[in-house]
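As stored in target_22.cif (mmCIF, C-alpha atoms):
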```cif
data_entry
loop_
_atom_site.group_PDB
_atom_site.id
_atom_site.type_symbol
_atom_site.label_atom_id
_atom_site.label_comp_id
_atom_site.auth_asym_id
_atom_site.auth_seq_id
_atom_site.Cartn_x
_atom_site.Cartn_y
_atom_site.Cartn_z
ATOM 1 C CA MET X 21 -24.239 -2.040 44.966
ATOM 2 C CA HIS X 22 -21.679 -1.562 42.210
ATOM 3 C CA ILE X 23 -23.036 0.335 39.205
ATOM 4 C CA THR X 24 -21.230 1.035 35.942
ATOM 5 C CA VAL X 25 -22.061 4.519 34.691
ATOM 6 C CA ARG X 26 -21.805 5.376 30.981
ATOM 7 C CA LEU X 27 -21.684 9.029 29.965
ATOM 8 C CA PHE X 28 -21.933 10.538 26.496
ATOM 9 C CA ALA X 29 -21.222 13.767 24.632
ATOM 10 C CA ARG X 30 -20.982 16.816 26.900
ATOM 11 C CA LEU X 31 -21.625 14.771 30.057
ATOM 12 C CA ARG X 32 -18.573 12.674 29.168
ATOM 13 C CA ASP X 33 -16.529 15.816 28.583
ATOM 14 C CA ILE X 34 -17.565 17.292 31.950
ATOM 15 C CA ALA X 35 -16.736 14.097 33.866
ATOM 16 C CA GLY X 36 -13.544 13.543 31.889
ATOM 17 C CA SER X 37 -14.487 9.895 31.321
ATOM 18 C CA GLY X 38 -17.156 7.923 29.486
ATOM 19 C CA GLU X 39 -17.244 5.164 32.066
ATOM 20 C CA LEU X 40 -17.297 5.363 35.856
ATOM 21 C CA VAL X 41 -17.964 2.855 38.615
ATOM 22 C CA ARG X 42 -19.998 4.081 41.568
ATOM 23 C CA GLN X 43 -21.438 2.584 44.753
ATOM 24 C CA VAL X 44 -25.083 3.209 45.615
ATOM 25 C CA PRO X 45 -27.218 1.921 48.510
ATOM 26 C CA ASP X 46 -29.604 -1.014 47.903
ATOM 27 C CA GLY X 47 -32.933 0.179 46.484
ATOM 28 C CA SER X 48 -31.447 3.236 44.783
ATOM 29 C CA THR X 49 -33.120 4.522 41.646
ATOM 30 C CA ALA X 50 -31.446 5.857 38.523
ATOM 31 C CA ARG X 51 -32.528 9.313 39.736
ATOM 32 C CA ALA X 52 -30.656 8.809 43.038
ATOM 33 C CA LEU X 53 -27.524 7.793 41.127
ATOM 34 C CA TRP X 54 -27.913 10.867 38.905
ATOM 35 C CA ASP X 55 -28.282 13.118 41.966
ATOM 36 C CA GLN X 56 -25.092 11.580 43.355
ATOM 37 C CA LEU X 57 -23.291 12.471 40.120
ATOM 38 C CA VAL X 58 -24.706 16.019 40.159
ATOM 39 C CA ALA X 59 -23.189 16.481 43.622
ATOM 40 C CA GLU X 60 -19.866 15.322 42.204
ATOM 41 C CA TYR X 61 -19.998 17.226 38.889
ATOM 42 C CA THR X 62 -21.824 20.507 39.482
ATOM 43 C CA GLU X 63 -22.026 21.254 35.742
ATOM 44 C CA PHE X 64 -24.489 18.343 35.455
ATOM 45 C CA THR X 65 -27.050 20.470 37.318
ATOM 46 C CA GLY X 66 -28.394 22.086 34.144
ATOM 47 C CA TYR X 67 -29.340 18.659 32.750
ATOM 48 C CA ARG X 68 -31.739 17.786 35.578
ATOM 49 C CA ASP X 69 -34.858 17.968 33.374
ATOM 50 C CA ALA X 70 -33.185 17.097 30.086
ATOM 51 C CA VAL X 71 -31.229 13.917 30.815
ATOM 52 C CA SER X 72 -32.436 10.491 29.652
ATOM 53 C CA THR X 73 -31.326 7.152 30.987
ATOM 54 C CA ALA X 74 -30.766 3.675 29.605
ATOM 55 C CA ILE X 75 -30.229 0.677 31.858
ATOM 56 C CA ASN X 76 -28.382 -2.305 30.411
ATOM 57 C CA GLU X 77 -28.735 -0.841 26.908
ATOM 58 C CA GLU X 78 -32.500 -0.244 27.062
ATOM 59 C CA TYR X 79 -34.222 3.079 27.593
ATOM 60 C CA ALA X 80 -35.592 3.294 31.147
ATOM 61 C CA LYS X 81 -37.344 5.736 33.455
ATOM 62 C CA MET X 82 -35.401 7.638 36.091
ATOM 63 C CA ASP X 83 -37.514 6.071 38.876
ATOM 64 C CA ARG X 84 -36.335 2.563 37.978
ATOM 65 C CA VAL X 85 -34.776 0.765 40.964
ATOM 66 C CA LEU X 86 -31.250 -0.397 40.145
ATOM 67 C CA ALA X 87 -29.739 -3.840 40.646
ATOM 68 C CA ASP X 88 -26.147 -4.685 41.539
ATOM 69 C CA GLY X 89 -23.997 -4.743 38.401
ATOM 70 C CA ASP X 90 -26.371 -2.655 36.279
ATOM 71 C CA GLU X 91 -24.896 -0.473 33.555
ATOM 72 C CA VAL X 92 -26.623 2.904 33.696
ATOM 73 C CA ALA X 93 -26.161 5.308 30.798
ATOM 74 C CA PHE X 94 -27.005 8.988 31.123
ATOM 75 C CA LEU X 95 -27.822 10.666 27.836
ATOM 76 C CA PRO X 96 -27.878 14.421 27.240
ATOM 77 C CA PRO X 97 -30.378 15.685 24.613
ATOM 78 C CA VAL X 98 -29.689 13.914 21.337
ATOM 79 C CA SER X 99 -28.748 15.462 17.989
ATOM 80 C CA GLY X 100 -28.372 12.697 15.420
ATOM 81 C CA GLY X 101 -29.394 12.827 11.797
ATOM 82 C CA MET U 25 -22.887 -10.005 0.903
ATOM 83 C CA THR U 26 -25.733 -9.391 3.318
ATOM 84 C CA VAL U 27 -25.987 -5.826 4.618
ATOM 85 C CA SER U 28 -27.881 -5.117 7.825
ATOM 86 C CA SER U 29 -30.931 -2.879 7.781
ATOM 87 C CA PHE U 30 -29.794 -0.926 10.843
ATOM 88 C CA VAL U 31 -26.178 0.183 11.016
ATOM 89 C CA VAL U 32 -23.987 2.676 12.865
ATOM 90 C CA THR U 33 -20.473 2.863 11.500
ATOM 91 C CA HIS U 34 -17.295 4.923 11.526
ATOM 92 C CA HIS U 35 -16.846 4.183 7.816
ATOM 93 C CA PRO U 36 -18.260 6.336 4.992
ATOM 94 C CA LEU U 37 -21.848 5.422 4.131
ATOM 95 C CA SER U 38 -22.760 3.732 0.888
ATOM 96 C CA VAL U 39 -26.115 4.275 -0.785
ATOM 97 C CA ASP U 40 -25.420 1.111 -2.766
ATOM 98 C CA ASP U 41 -25.152 -0.872 0.488
ATOM 99 C CA VAL U 42 -28.461 0.562 1.640
ATOM 100 C CA ILE U 43 -30.139 -0.373 -1.645
ATOM 101 C CA ALA U 44 -28.573 -3.831 -1.416
ATOM 102 C CA SER U 45 -30.027 -4.227 2.059
ATOM 103 C CA ILE U 46 -33.488 -3.421 0.708
ATOM 104 C CA GLY U 47 -33.014 -6.131 -1.878
ATOM 105 C CA ASP U 48 -32.264 -8.603 0.900
ATOM 106 C CA SER U 49 -35.350 -7.739 2.888
ATOM 107 C CA THR U 50 -38.087 -7.164 0.341
ATOM 108 C CA LYS U 51 -40.078 -9.744 -1.512
ATOM 109 C CA PRO U 52 -41.339 -9.156 -4.075
ATOM 110 C CA ALA U 53 -39.890 -5.858 -5.391
ATOM 111 C CA ALA U 54 -41.359 -2.996 -3.385
ATOM 112 C CA GLY U 55 -42.654 -0.648 -6.067
ATOM 113 C CA ALA U 56 -41.395 2.528 -4.392
ATOM 114 C CA ILE U 57 -38.169 3.442 -2.603
ATOM 115 C CA ALA U 58 -37.820 6.868 -0.944
ATOM 116 C CA LEU U 59 -34.255 7.865 -0.018
ATOM 117 C CA PHE U 60 -33.076 10.526 2.409
ATOM 118 C CA LEU U 61 -29.442 11.542 2.840
ATOM 119 C CA GLY U 62 -28.346 13.850 5.637
ATOM 120 C CA GLN U 63 -25.253 15.902 4.847
ATOM 121 C CA VAL U 64 -22.916 18.043 6.958
ATOM 122 C CA ARG U 65 -23.860 21.704 6.403
ATOM 123 C CA SER U 66 -21.147 24.334 5.893
ATOM 124 C CA GLU U 67 -23.140 26.958 7.815
ATOM 125 C CA ASN U 68 -25.101 26.395 11.020
ATOM 126 C CA MET U 69 -26.672 29.135 13.158
ATOM 127 C CA SER U 70 -24.558 31.740 11.291
ATOM 128 C CA LYS U 71 -21.343 29.867 12.101
ATOM 129 C CA HIS U 72 -18.876 28.581 9.532
ATOM 130 C CA VAL U 73 -18.652 24.843 10.250
ATOM 131 C CA MET U 74 -15.259 23.176 9.786
ATOM 132 C CA HIS U 75 -16.216 19.610 10.680
ATOM 133 C CA LEU U 76 -18.469 17.531 12.931
ATOM 134 C CA GLU U 77 -17.719 14.673 15.266
ATOM 135 C CA TYR U 78 -20.606 12.265 15.789
ATOM 136 C CA GLU U 79 -20.741 10.132 18.903
ATOM 137 C CA GLY U 80 -23.253 7.341 19.487
ATOM 138 C CA PHE U 81 -24.309 4.734 22.013
ATOM 139 C CA GLU U 82 -24.172 2.042 19.375
ATOM 140 C CA PRO U 83 -26.238 -0.870 20.766
ATOM 141 C CA LEU U 84 -29.011 1.467 21.889
ATOM 142 C CA ALA U 85 -28.934 3.311 18.541
ATOM 143 C CA ILE U 86 -29.537 0.060 16.661
ATOM 144 C CA LYS U 87 -32.468 -0.707 18.978
ATOM 145 C CA ALA U 88 -33.844 2.806 18.435
ATOM 146 C CA PHE U 89 -33.693 2.341 14.643
ATOM 147 C CA ARG U 90 -35.507 -0.990 14.953
ATOM 148 C CA ARG U 91 -38.121 0.644 17.158
ATOM 149 C CA ILE U 92 -38.651 3.431 14.599
ATOM 150 C CA ALA U 93 -39.127 0.834 11.855
ATOM 151 C CA ASN U 94 -41.734 -0.992 13.950
ATOM 152 C CA GLU U 95 -43.543 2.269 14.672
ATOM 153 C CA ALA U 96 -43.597 3.115 10.955
ATOM 154 C CA ARG U 97 -45.059 -0.292 10.172
ATOM 155 C CA GLU U 98 -47.912 0.431 12.593
ATOM 156 C CA SER U 99 -48.788 3.524 10.553
ATOM 157 C CA TRP U 100 -47.911 2.503 7.008
ATOM 158 C CA GLY U 101 -48.347 -1.268 6.959
ATOM 159 C CA ASP U 102 -46.085 -2.670 4.294
ATOM 160 C CA ALA U 103 -43.432 0.046 4.538
ATOM 161 C CA ARG U 104 -39.926 -1.136 5.437
ATOM 162 C CA LEU U 105 -36.978 0.927 6.615
ATOM 163 C CA VAL U 106 -33.223 0.808 6.295
ATOM 164 C CA ILE U 107 -31.184 3.246 8.399
ATOM 165 C CA HIS U 108 -27.403 3.611 8.214
ATOM 166 C CA HIS U 109 -25.872 6.336 10.424
ATOM 167 C CA ARG U 110 -22.273 7.513 10.401
ATOM 168 C CA LEU U 111 -20.186 8.194 13.530
ATOM 169 C CA GLY U 112 -16.770 9.811 13.984
ATOM 170 C CA THR U 113 -15.288 12.806 12.185
ATOM 171 C CA LEU U 114 -17.222 14.102 9.181
ATOM 172 C CA GLU U 115 -16.115 16.909 6.910
ATOM 173 C CA VAL U 116 -18.514 19.393 5.344
ATOM 174 C CA SER U 117 -20.686 17.763 2.634
ATOM 175 C CA GLU U 118 -20.093 14.217 3.898
ATOM 176 C CA THR U 119 -23.166 12.036 4.409
ATOM 177 C CA SER U 120 -24.182 11.507 8.046
ATOM 178 C CA VAL U 121 -27.242 9.339 7.528
ATOM 179 C CA VAL U 122 -28.890 7.334 4.761
ATOM 180 C CA ILE U 123 -32.518 6.301 5.136
ATOM 181 C CA ALA U 124 -34.385 4.172 2.629
ATOM 182 C CA ALA U 125 -38.096 3.492 2.936
ATOM 183 C CA THR U 126 -39.782 0.977 0.690
ATOM 184 C CA SER U 127 -43.439 0.404 0.094
ATOM 185 C CA PRO U 128 -45.730 -0.781 -2.671
ATOM 186 C CA HIS U 129 -46.722 2.876 -3.233
ATOM 187 C CA ARG U 130 -44.893 6.209 -3.135
ATOM 188 C CA ALA U 131 -47.058 7.967 -0.532
ATOM 189 C CA GLU U 132 -46.233 5.428 2.175
ATOM 190 C CA ALA U 133 -42.555 5.340 1.162
ATOM 191 C CA PHE U 134 -42.190 9.136 1.449
ATOM 192 C CA ALA U 135 -44.154 9.254 4.710
ATOM 193 C CA THR U 136 -42.094 6.478 6.268
ATOM 194 C CA CYS U 137 -38.824 8.124 5.216
ATOM 195 C CA ARG U 138 -39.833 11.504 6.687
ATOM 196 C CA TYR U 139 -41.125 9.871 9.868
ATOM 197 C CA ALA U 140 -37.813 8.048 10.281
ATOM 198 C CA ILE U 141 -35.614 11.159 10.150
ATOM 199 C CA GLU U 142 -37.912 13.006 12.563
ATOM 200 C CA ARG U 143 -37.827 10.092 15.013
ATOM 201 C CA ILE U 144 -34.043 9.690 14.674
ATOM 202 C CA LYS U 145 -33.692 13.313 15.762
ATOM 203 C CA GLN U 146 -35.973 12.620 18.736
ATOM 204 C CA ILE U 147 -34.793 9.272 20.116
ATOM 205 C CA ALA U 148 -31.567 7.976 18.499
ATOM 206 C CA PRO U 149 -28.736 8.176 21.086
ATOM 207 C CA ILE U 150 -26.387 10.035 18.749
ATOM 208 C CA TRP U 151 -24.740 13.426 19.303
ATOM 209 C CA LYS U 152 -23.089 16.009 17.051
ATOM 210 C CA HIS U 153 -20.019 17.871 18.258
ATOM 211 C CA GLU U 154 -19.750 20.878 15.980
ATOM 212 C CA PHE U 155 -16.357 22.481 15.316
ATOM 213 C CA PHE U 156 -16.644 25.932 13.791
ATOM 214 C CA GLU U 157 -14.337 28.889 13.274
ATOM 215 C CA GLY U 158 -13.564 30.136 16.766
ATOM 216 C CA GLY U 159 -14.863 27.274 18.879
ATOM 217 C CA ASP U 160 -16.853 24.091 19.294
ATOM 218 C CA VAL U 161 -20.180 23.071 20.794
ATOM 219 C CA TRP U 162 -22.108 19.890 21.525
ATOM 220 C CA VAL U 163 -25.417 20.226 19.709
ATOM 221 C CA GLU U 164 -28.246 19.313 22.080
ATOM 222 C CA GLY U 165 -31.675 18.779 20.543
ATOM 223 C CA ALA U 166 -34.412 16.576 21.961
ATOM 224 C CA THR U 167 -34.580 14.866 25.337
ATOM 225 C CA ALA U 168 -34.775 11.233 24.247
ATOM 226 C CA ASP U 169 -37.942 9.516 25.474
ATOM 227 C CA PRO U 170 -39.293 6.812 23.171
ATOM 228 C CA ASP U 171 -42.533 6.676 25.188
ATOM 229 C CA ASP U 172 -43.299 10.389 24.693
ATOM 230 C CA GLN U 173 -46.490 10.080 22.606
ATOM 231 C CA GLU U 174 -46.594 13.803 21.885
ATOM 232 C CA ALA U 175 -43.178 13.643 20.209
ATOM 233 C CA ARG U 176 -44.221 10.579 18.232
ATOM 234 C CA GLU U 177 -47.418 12.293 17.061
ATOM 235 C CA HIS U 178 -45.372 15.340 16.043
ATOM 236 C CA ALA U 179 -43.177 13.118 13.865
ATOM 237 C CA TYR U 180 -46.284 11.498 12.390
ATOM 238 C CA ARG U 181 -47.784 14.893 11.532
ATOM 239 C CA GLN U 182 -44.519 15.962 9.867
ATOM 240 C CA ALA U 183 -44.621 12.784 7.802
ATOM 241 C CA CYS U 184 -48.204 13.310 6.701
ATOM 242 C CA ILE U 185 -48.016 16.945 5.567
#
```
Please rewrite the model in this file as structure tokens.
Amino acid sequence: MHITVRLFARLRDIAGSGELVRQVPDGSTARALWDQLVAEYTEFTGYRDAVSTAINEEYAKMDRVLADGDEVAFLPPVSGG
Amino acid sequence: MTVSSFVVTHHPLSVDDVIASIGDSTKPAAGAIALFLGQVRSENMSKHVMHLEYEGFEPLAIKAFRRIANEARESWGDARLVIHHRLGTLEVSETSVVIAATSPHRAEAFATCRYAIERIKQIAPIWKHEFFEGGDVWVEGATADPDDQEAREHAYRQACI
């Protein structure tokens, strides 16, 4: 499946891009996609328990099974206000 | 001109626009309006701040603001919220967020306003990149989870002090 990955703030800085396209096997969860990115960008490791995800512009759980064409955003801890 | 209740923008914020938005959404006149303005601090964690860059995931931020307003209504009935948040480069003393809470009575207006800023800091997908003398850092606060009831109750307790 083709997945569009959106990255923000420090995650974007680490990856050097705010938008990536990645392939994942059918039935993959957001967590599996994240683990794939951690293998690629080792500095993501520290965010394992702190990252949030949004799928197609809605907050979602990391165990959500992805569908082809989904846009998956990974969000480091937020600091608005 | 109609101004939206929930806005993220790279343009300077206008309190007048926020007040105008309340006028559009309230009937009859509310009775009480509580306003909160967040401003870029010159000192943070003993560092001399030069400027901030705010980044946001805009569509999700608007949904988060709407969610916060719905949550507030569950607690304080008639209270209504307007939230305008700035993105991009902000100099020291510029306004980063304007929140207006309206209600027939002041207690609910103040509580709703306080609840909103606490919840924004918990779940709005917005990030500060702080540039200070000698370096820069992404500020990382709360892990955003709108379904975290403990976080929501914490915000509620802050609002009801």
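Here atom CA of Ile92 of chain U stands at a distance of 10.6 Å from atom CA of Phe30 of chain U.
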Original post:
In terms of the shortest atom-to-atom distance over only C-alpha atoms, which of U:Phe134, U:Phe89, U:Trp151, U:Trp100 is closest to chain X?
Top reply: U:Trp151
**OP:** List the residues selected by the PyMOL selection byres ((chain U) within 6 of (chain X)) in the file shown, writing them as a list in words.
**Re:** Leu84, Val121, Lys145, Pro149, Ile150, Trp151, Lys152, Glu164, Gly165, Ala166, Thr167 and Ala168 of chain U
**OP:** May I ask for the distance between atom CA of Ala85 of chain U and atom CA of Ile144 of chain U, given in Å to one decimal place?
**Re:** 9.0 Å
Subject >> Residue neighbourhood Phe64 of chain X, 8 Å, all atoms listed in the file, exclusion window fewer than 4 positions, as a list in words >> reply: Leu31, Ile34, Leu57, Val58 and Arg68 of chain X
Subject >> Two-atom distance - atom CA of Ala179 of chain U, atom CA of Leu59 of chain U (Å) >> reply: 17.3 Å
Might you pull out every residue within 10 Å of His178 of chain U, with all atoms listed in the file counted and same-chain residues fewer than 5 positions away left off, and present them as a PDB file with C-alpha atoms, in the frame of the given file?
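This is the output file part35.pdb:
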```pdb
ATOM      1  CA  TYR U 139     -41.125   9.871   9.868  1.00  0.00           C
ATOM      2  CA  GLU U 142     -37.912  13.006  12.563  1.00  0.00           C
ATOM      3  CA  ARG U 143     -37.827  10.092  15.013  1.00  0.00           C
ATOM      4  CA  GLN U 173     -46.490  10.080  22.606  1.00  0.00           C
ATOM      5  CA  ALA U 183     -44.621  12.784   7.802  1.00  0.00           C
ATOM      6  CA  CYS U 184     -48.204  13.310   6.701  1.00  0.00           C
TER       7      CYS U 184
END
```
Subject >> Polymer residues at most 6 Å from Val64 of chain U, all atoms listed in the file, same-chain spacing of 6 or more positions, as number ranges by chain >> reply: U: 116-118
N, CA and C atoms restored at segment 138-166 of chain U, emitted as a PDB file, keeping the file's coordinate frame:
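Okay, rebuild-v4.pdb is ready:
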```pdb
ATOM      1  N   ARG U 138     -39.786  10.257   5.913  1.00  0.00           N
ATOM      2  CA  ARG U 138     -39.833  11.504   6.687  1.00  0.00           C
ATOM      3  C   ARG U 138     -40.013  11.206   8.172  1.00  0.00           C
ATOM      4  N   TYR U 139     -40.892  10.257   8.472  1.00  0.00           N
ATOM      5  CA  TYR U 139     -41.125   9.871   9.868  1.00  0.00           C
ATOM      6  C   TYR U 139     -39.820   9.407  10.500  1.00  0.00           C
ATOM      7  N   ALA U 140     -39.052   8.618   9.741  1.00  0.00           N
ATOM      8  CA  ALA U 140     -37.813   8.048  10.281  1.00  0.00           C
ATOM      9  C   ALA U 140     -36.812   9.137  10.666  1.00  0.00           C
ATOM     10  N   ILE U 141     -36.608  10.131   9.812  1.00  0.00           N
ATOM     11  CA  ILE U 141     -35.614  11.159  10.150  1.00  0.00           C
ATOM     12  C   ILE U 141     -36.096  12.002  11.327  1.00  0.00           C
ATOM     13  N   GLU U 142     -37.398  12.260  11.409  1.00  0.00           N
ATOM     14  CA  GLU U 142     -37.912  13.006  12.563  1.00  0.00           C
ATOM     15  C   GLU U 142     -37.695  12.228  13.855  1.00  0.00           C
ATOM     16  N   ARG U 143     -37.975  10.920  13.811  1.00  0.00           N
ATOM     17  CA  ARG U 143     -37.827  10.092  15.013  1.00  0.00           C
ATOM     18  C   ARG U 143     -36.352   9.898  15.392  1.00  0.00           C
ATOM     19  N   ILE U 144     -35.483   9.795  14.377  1.00  0.00           N
ATOM     20  CA  ILE U 144     -34.043   9.690  14.674  1.00  0.00           C
ATOM     21  C   ILE U 144     -33.610  10.911  15.480  1.00  0.00           C
ATOM     22  N   LYS U 145     -34.081  12.086  15.057  1.00  0.00           N
ATOM     23  CA  LYS U 145     -33.692  13.313  15.762  1.00  0.00           C
ATOM     24  C   LYS U 145     -34.282  13.372  17.172  1.00  0.00           C
ATOM     25  N   GLN U 146     -35.359  12.626  17.403  1.00  0.00           N
ATOM     26  CA  GLN U 146     -35.973  12.620  18.736  1.00  0.00           C
ATOM     27  C   GLN U 146     -35.370  11.570  19.675  1.00  0.00           C
ATOM     28  N   ILE U 147     -35.094  10.374  19.170  1.00  0.00           N
ATOM     29  CA  ILE U 147     -34.793   9.272  20.116  1.00  0.00           C
ATOM     30  C   ILE U 147     -33.516   8.490  19.836  1.00  0.00           C
ATOM     31  N   ALA U 148     -32.804   8.743  18.730  1.00  0.00           N
ATOM     32  CA  ALA U 148     -31.567   7.976  18.499  1.00  0.00           C
ATOM     33  C   ALA U 148     -30.461   8.536  19.401  1.00  0.00           C
ATOM     34  N   PRO U 149     -29.790   7.687  20.188  1.00  0.00           N
ATOM     35  CA  PRO U 149     -28.736   8.176  21.086  1.00  0.00           C
ATOM     36  C   PRO U 149     -27.442   8.474  20.330  1.00  0.00           C
ATOM     37  N   ILE U 150     -27.494   9.576  19.603  1.00  0.00           N
ATOM     38  CA  ILE U 150     -26.387  10.035  18.749  1.00  0.00           C
ATOM     39  C   ILE U 150     -26.248  11.536  18.962  1.00  0.00           C
ATOM     40  N   TRP U 151     -24.997  12.008  19.008  1.00  0.00           N
ATOM     41  CA  TRP U 151     -24.740  13.426  19.303  1.00  0.00           C
ATOM     42  C   TRP U 151     -23.740  14.002  18.304  1.00  0.00           C
ATOM     43  N   LYS U 152     -24.001  15.265  17.930  1.00  0.00           N
ATOM     44  CA  LYS U 152     -23.089  16.009  17.051  1.00  0.00           C
ATOM     45  C   LYS U 152     -22.222  16.933  17.894  1.00  0.00           C
ATOM     46  N   HIS U 153     -20.932  16.894  17.685  1.00  0.00           N
ATOM     47  CA  HIS U 153     -20.019  17.871  18.258  1.00  0.00           C
ATOM     48  C   HIS U 153     -19.554  18.737  17.095  1.00  0.00           C
ATOM     49  N   GLU U 154     -19.991  19.985  17.119  1.00  0.00           N
ATOM     50  CA  GLU U 154     -19.750  20.878  15.980  1.00  0.00           C
ATOM     51  C   GLU U 154     -18.495  21.705  16.221  1.00  0.00           C
ATOM     52  N   PHE U 155     -17.578  21.676  15.260  1.00  0.00           N
ATOM     53  CA  PHE U 155     -16.357  22.481  15.316  1.00  0.00           C
ATOM     54  C   PHE U 155     -16.468  23.564  14.262  1.00  0.00           C
ATOM     55  N   PHE U 156     -16.494  24.819  14.716  1.00  0.00           N
ATOM     56  CA  PHE U 156     -16.644  25.932  13.791  1.00  0.00           C
ATOM     57  C   PHE U 156     -15.488  26.896  13.996  1.00  0.00           C
ATOM     58  N   GLU U 157     -15.409  27.909  13.136  1.00  0.00           N
ATOM     59  CA  GLU U 157     -14.337  28.889  13.274  1.00  0.00           C
ATOM     60  C   GLU U 157     -14.497  29.598  14.605  1.00  0.00           C
ATOM     61  N   GLY U 158     -13.525  29.433  15.488  1.00  0.00           N
ATOM     62  CA  GLY U 158     -13.564  30.136  16.766  1.00  0.00           C
ATOM     63  C   GLY U 158     -14.092  29.316  17.926  1.00  0.00           C
ATOM     64  N   GLY U 159     -14.410  28.045  17.724  1.00  0.00           N
ATOM     65  CA  GLY U 159     -14.863  27.274  18.879  1.00  0.00           C
ATOM     66  C   GLY U 159     -15.515  25.958  18.519  1.00  0.00           C
ATOM     67  N   ASP U 160     -16.143  25.347  19.508  1.00  0.00           N
ATOM     68  CA  ASP U 160     -16.853  24.091  19.294  1.00  0.00           C
ATOM     69  C   ASP U 160     -18.003  24.012  20.283  1.00  0.00           C
ATOM     70  N   VAL U 161     -19.013  23.217  19.919  1.00  0.00           N
ATOM     71  CA  VAL U 161     -20.180  23.071  20.794  1.00  0.00           C
ATOM     72  C   VAL U 161     -20.821  21.699  20.566  1.00  0.00           C
ATOM     73  N   TRP U 162     -21.265  21.085  21.661  1.00  0.00           N
ATOM     74  CA  TRP U 162     -22.108  19.890  21.525  1.00  0.00           C
ATOM     75  C   TRP U 162     -23.508  20.359  21.173  1.00  0.00           C
ATOM     76  N   VAL U 163     -24.049  19.877  20.082  1.00  0.00           N
ATOM     77  CA  VAL U 163     -25.417  20.226  19.709  1.00  0.00           C
ATOM     78  C   VAL U 163     -26.363  19.379  20.555  1.00  0.00           C
ATOM     79  N   GLU U 164     -27.305  20.038  21.221  1.00  0.00           N
ATOM     80  CA  GLU U 164     -28.246  19.313  22.080  1.00  0.00           C
ATOM     81  C   GLU U 164     -29.658  19.620  21.618  1.00  0.00           C
ATOM     82  N   GLY U 165     -30.335  18.591  21.104  1.00  0.00           N
ATOM     83  CA  GLY U 165     -31.675  18.779  20.543  1.00  0.00           C
ATOM     84  C   GLY U 165     -32.752  18.298  21.490  1.00  0.00           C
ATOM     85  N   ALA U 166     -33.257  17.094  21.222  1.00  0.00           N
ATOM     86  CA  ALA U 166     -34.412  16.576  21.961  1.00  0.00           C
ATOM     87  C   ALA U 166     -33.985  15.717  23.141  1.00  0.00           C
TER      88      ALA U 166
END
```
